[in-house]
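**Q** Next up is a structure, given as structure tokens.
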Amino acid sequence: MSEYVEWFVNREKQRKGFLKMLARETPKQIMMVDAPTEMGKTWLIQRLRHECQVRGVPVAHFDFRDRLPWDYLTILRQVRDQVGAAYFNPMTEVINNATGINIQLSTENIAVNVDMQNSTINAAGDVAVGNVNVVVDNFQFVQADSETARRNIEIRITDTFFQCLTALIATQPVVFLFDSAEVAPQPTLAWIESNLLMRVRNEQLPNVLVIMAGQTVPALDDAWRQAVARTGLDLFEVDHIREYISKRGLVDLDFDTVFRTSRGHPGLLGKMADFATVEEEEDDDWL
């Protein structure tokens with residue numbers, strides 16, 4: 001990830017805005033970064049990830065271009081595995097109990113109640129994590145006889161996740177970074193909006209920050225204005241190009257020519273710099 005830090009230029013408005021959010025100097029908890037392809041969205045997301053890591057802030061990073069089955073269960077498992085599995089032991093217990101078997105539809109109310117050594121969760125309480133062993137996820141899939149049963153399971157797992165998360169953020173912030181939102185499955189984006197983002201908007205997760213970047217991002221209406229900051233990414237100006245080229249060690253390049261050729265487009269600039277740093281070698285492997 002070092003290049004995302006060493007070669008980072010220009011996106012100070014977004015970076016400083018994020019740091020204000022992290023310091024709770026603004027009521028904004030959600031940042032939507034909407035920009036065309038190769039404008040530096042991933043570089044920004046990775047830089048914000050670095051800002052979290054150097055401050056010891058738990059951060060969950062998602063790149064929807066990764067070849068994963070991006071449903072709500074993948075999101076929850078990724079949060080657990082990146083932020084700290086012990087905090088989510090109760091959720092893993094619920095997942096294991098609800099997956100890998102054929103769930104029959106029942107009209108009986110099922111209360112979430114998981115107890116373990118030094119850790120407990122129930123439908124009305126929070127989670128306390130002491131020195132506990134991590135519950136191993138069986139990584140099986142939900143099998144249900146009906147859509148109603150499947151939805152019941154989703155609600156139980158989701159509610160337990162947010163109970164665990166609420167306990168975690170009682171003493172520290174947690175950051176969610178979503179990259180390449182334009183390729184995320186629509187059901188997954190709908191789950192994020194109606195569960196994670198909605199709880200943030202309703203002030204149920206006061207220590208959670210969400211940054212989502214993409215060529216398209218969810219269109220949240222005016223009801224979200226207090227919680228959401230929207231931003232785009234501008235083309236680089238000549239000073240930004242000069243700074244980037246200098247950081248790449250390409251001081252012999254004609255900056256004006258690079259500016260005219262790249263037109264300030266971060267993706268083109270990066271490709272030009274990559275090409276300029278390739279050492280020419282004769283390849284005789286085919287002989």
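Within each chain, counting starts at residue 1; across the structure tokens, chains are named A, B, ... in the order shown, with ligands numbered 1 upward in that order.
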Counting only C-alpha atoms, what are the residues of range 202-243 of chain A within 6 Å of range 16-30 of chain A, and for each of them which pair of atoms is the nearest and at what distance in Å, to one decimal? Sort the table by chain and rising number, as a Markdown table.
**A**
| residue | atom | partner | partner_atom | distance |
| --- | --- | --- | --- | --- |
| A:Leu209 | CA | A:Gln29 | CA | 4.8 |
| A:Val210 | CA | A:Ile30 | CA | 4.8 |
| A:Ile211 | CA | A:Ile30 | CA | 5.8 |
| A:Ala227 | CA | A:Lys28 | CA | 4.3 |
| A:Val228 | CA | A:Ile30 | CA | 4.7 |
**Q** Please, could you write that set of residues out with N, CA and C atoms as a PDB file, in the first residue's frame?
**A**
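The result, stored in out.pdb:
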ATOM      1  N   LEU A 209     -18.224   5.560  10.624  1.00  0.00           N
ATOM      2  CA  LEU A 209     -18.058   6.367   9.418  1.00  0.00           C
ATOM      3  C   LEU A 209     -18.120   5.446   8.206  1.00  0.00           C
ATOM      4  N   VAL A 210     -18.754   5.913   7.144  1.00  0.00           N
ATOM      5  CA  VAL A 210     -18.877   5.137   5.913  1.00  0.00           C
ATOM      6  C   VAL A 210     -18.417   6.005   4.745  1.00  0.00           C
ATOM      7  N   ILE A 211     -17.437   5.516   3.988  1.00  0.00           N
ATOM      8  CA  ILE A 211     -16.979   6.178   2.775  1.00  0.00           C
ATOM      9  C   ILE A 211     -17.267   5.234   1.615  1.00  0.00           C
ATOM     10  N   ALA A 227     -26.343  13.913   7.363  1.00  0.00           N
ATOM     11  CA  ALA A 227     -25.347  12.871   7.617  1.00  0.00           C
ATOM     12  C   ALA A 227     -24.367  12.671   6.471  1.00  0.00           C
ATOM     13  N   VAL A 228     -24.710  13.159   5.258  1.00  0.00           N
ATOM     14  CA  VAL A 228     -23.956  12.793   4.059  1.00  0.00           C
ATOM     15  C   VAL A 228     -23.192  13.978   3.485  1.00  0.00           C
TER      16      VAL A 228
END
**Q** For Arg65 in chain A, please output as a ChimeraX atom specification all residues within 10 Å (counting only C-alpha atoms; exclusion window: fewer than 5 positions along the same chain).
**A** /A:70,179-184
**Q** For His61 in chain A, find every residue with an atom within 10 Å (counting only C-alpha atoms), except residues of its own chain fewer than 4 positions away, and show them as a compact mmCIF listing (two decimals) with C-alpha atoms, in the first residue's frame.
**A**
# COMPACT_ATOMS: atom_id res chain seq x y z
CA ILE A 45 -9.87 4.97 -0.44
CA GLN A 46 -6.48 3.37 0.20
CA ARG A 49 -7.42 3.26 4.99
CA ILE A 75 -20.10 -8.05 4.00
CA GLN A 78 -15.52 -9.34 6.01
CA VAL A 79 -16.20 -6.77 8.73
CA GLN A 82 -10.95 -7.32 9.29
CA VAL A 83 -12.03 -5.49 12.44
CA VAL A 175 -14.71 2.95 9.53
CA PHE A 176 -16.26 1.24 6.48
CA LEU A 177 -14.57 1.88 3.10
CA PHE A 178 -16.46 0.76 -0.02
CA ASP A 179 -14.69 0.96 -3.39
CA ILE A 211 -16.98 6.18 2.78
**Q** Looking only at the backbone, which of the residues in range 4-226 of chain A does DSSP tag as strand (DSSP E or B), as a count of residues only?
**A** 37
**Q** List every residue of range 69-100 of chain A that has an atom at most 8 Å from any atom of range 160-166 of chain A, and for each one report the closest atom pair and its distance in Å to one decimal, counting only C-alpha atoms, with rows sorted by chain and then by increasing residue number, as a tab-separated table.
**A**
residue	atom	partner	partner_atom	distance
A:Leu76	CA	A:Phe161	CA	7.2
A:Tyr87	CA	A:Cys164	CA	6.3
A:Phe88	CA	A:Cys164	CA	5.8
A:Pro90	CA	A:Thr160	CA	7.1
A:Met91	CA	A:Thr160	CA	5.4
A:Val94	CA	A:Thr160	CA	7.7
**Q** Can I get the selected residues back with C-alpha atoms, as a tab-separated table (two decimals), in the first residue's frame?
**A**
chain	number	residue	atom	x	y	z
A	76	LEU	CA	-20.68	-9.09	7.61
A	87	TYR	CA	-16.10	-8.87	18.98
A	88	PHE	CA	-18.39	-10.74	16.60
A	90	PRO	CA	-22.16	-13.98	18.92
A	91	MET	CA	-22.82	-13.22	15.27
A	94	VAL	CA	-25.89	-17.25	14.90
**Q** So how many Å separate CA of Pro187 in chain A and CA of Thr158 in chain A, to one decimal?
**A**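 Taking CA of Pro187 in chain A as the start and CA of Thr158 in chain A as the end point, the length is 14.4 Å.
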**Q** Tell me which of A:Asn152, A:Ser246, A:Thr216, A:Thr92 sits closest to Gln140 in chain A, counting only C-alpha atoms.
**A**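 The shortest atom-to-atom distance to Gln140 in chain A comes from A:Thr92.
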**Q** Need the shell around Arg11 in chain A: protein/DNA/RNA residues with any atom at most 10 Å away, counting only C-alpha atoms. Skip same-chain ones fewer than 5 positions apart. Format as a list in words?
**A**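 Listing them by chain and then by number gives Lys16, Gly40, Lys41, Trp43, Leu44, Arg47, Leu233, Asp234, Phe236 and His240 of chain A.
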**Q** With N, CA and C atoms retained, could you export that selection as a PDB file, in the first residue's frame?
**A**
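Writing done, so here's part21.pdb:
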ATOM      1  N   LYS A  16      -8.828  15.710   4.303  1.00  0.00           N
ATOM      2  CA  LYS A  16      -9.054  16.541   5.489  1.00  0.00           C
ATOM      3  C   LYS A  16     -10.509  16.455   5.940  1.00  0.00           C
ATOM      4  N   GLY A  40      -8.867   8.336  -9.563  1.00  0.00           N
ATOM      5  CA  GLY A  40      -8.153   8.244  -8.292  1.00  0.00           C
ATOM      6  C   GLY A  40      -9.008   7.852  -7.114  1.00  0.00           C
ATOM      7  N   LYS A  41     -10.162   7.240  -7.367  1.00  0.00           N
ATOM      8  CA  LYS A  41     -11.046   6.840  -6.258  1.00  0.00           C
ATOM      9  C   LYS A  41     -10.376   5.793  -5.376  1.00  0.00           C
ATOM     10  N   TRP A  43      -7.166   5.212  -5.071  1.00  0.00           N
ATOM     11  CA  TRP A  43      -6.052   5.833  -4.353  1.00  0.00           C
ATOM     12  C   TRP A  43      -6.553   6.563  -3.117  1.00  0.00           C
ATOM     13  N   LEU A  44      -7.673   7.268  -3.244  1.00  0.00           N
ATOM     14  CA  LEU A  44      -8.232   7.974  -2.097  1.00  0.00           C
ATOM     15  C   LEU A  44      -8.681   6.998  -1.019  1.00  0.00           C
ATOM     16  N   ARG A  47      -5.733   5.619   0.748  1.00  0.00           N
ATOM     17  CA  ARG A  47      -5.108   6.614   1.632  1.00  0.00           C
ATOM     18  C   ARG A  47      -5.911   6.774   2.916  1.00  0.00           C
ATOM     19  N   LEU A 233     -14.116  14.206  -7.830  1.00  0.00           N
ATOM     20  CA  LEU A 233     -12.664  14.303  -7.912  1.00  0.00           C
ATOM     21  C   LEU A 233     -12.311  15.082  -9.178  1.00  0.00           C
ATOM     22  N   ASP A 234     -11.592  16.180  -8.996  1.00  0.00           N
ATOM     23  CA  ASP A 234     -11.242  17.033 -10.116  1.00  0.00           C
ATOM     24  C   ASP A 234     -10.001  16.520 -10.832  1.00  0.00           C
ATOM     25  N   PHE A 236      -6.213  16.860 -12.234  1.00  0.00           N
ATOM     26  CA  PHE A 236      -5.031  17.469 -11.650  1.00  0.00           C
ATOM     27  C   PHE A 236      -4.683  18.771 -12.373  1.00  0.00           C
ATOM     28  N   HIS A 240      -0.081  19.894  -9.329  1.00  0.00           N
ATOM     29  CA  HIS A 240      -0.284  18.532  -8.847  1.00  0.00           C
ATOM     30  C   HIS A 240       0.545  17.547  -9.680  1.00  0.00           C
TER      31      HIS A 240
END
**Q** Env of Glu154 in chain A: 12 Å cut, atoms = only C-alpha atoms, seq-sep filter 4 positions within chain, self excluded. Answer as number ranges by chain.
**A** A: 71-73, 76, 91, 94-95, 98-99, 141-144, 147-150, 158-161, 191, 195
**Q** Which residue out of A:Pro69, A:Pro185, A:Gly214, A:Pro206 has the minimum interatomic distance to Gly232 in chain A when only C-alpha atoms are used?
**A** A:Gly214
**Q** CA of Thr42 in chain A to CA of Asn207 in chain A: how many Å, to one decimal?
**A**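 Calculated distance between CA of Thr42 in chain A and CA of Asn207 in chain A is 23.7 Å.
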**Q** Where in range 18-249 of chain A does DSSP assign alpha helix (DSSP H), given as a ChimeraX atom specification?
**A** /A:18-22,41-54,72-83,89-98,147-168,186-191,198-201,238-247
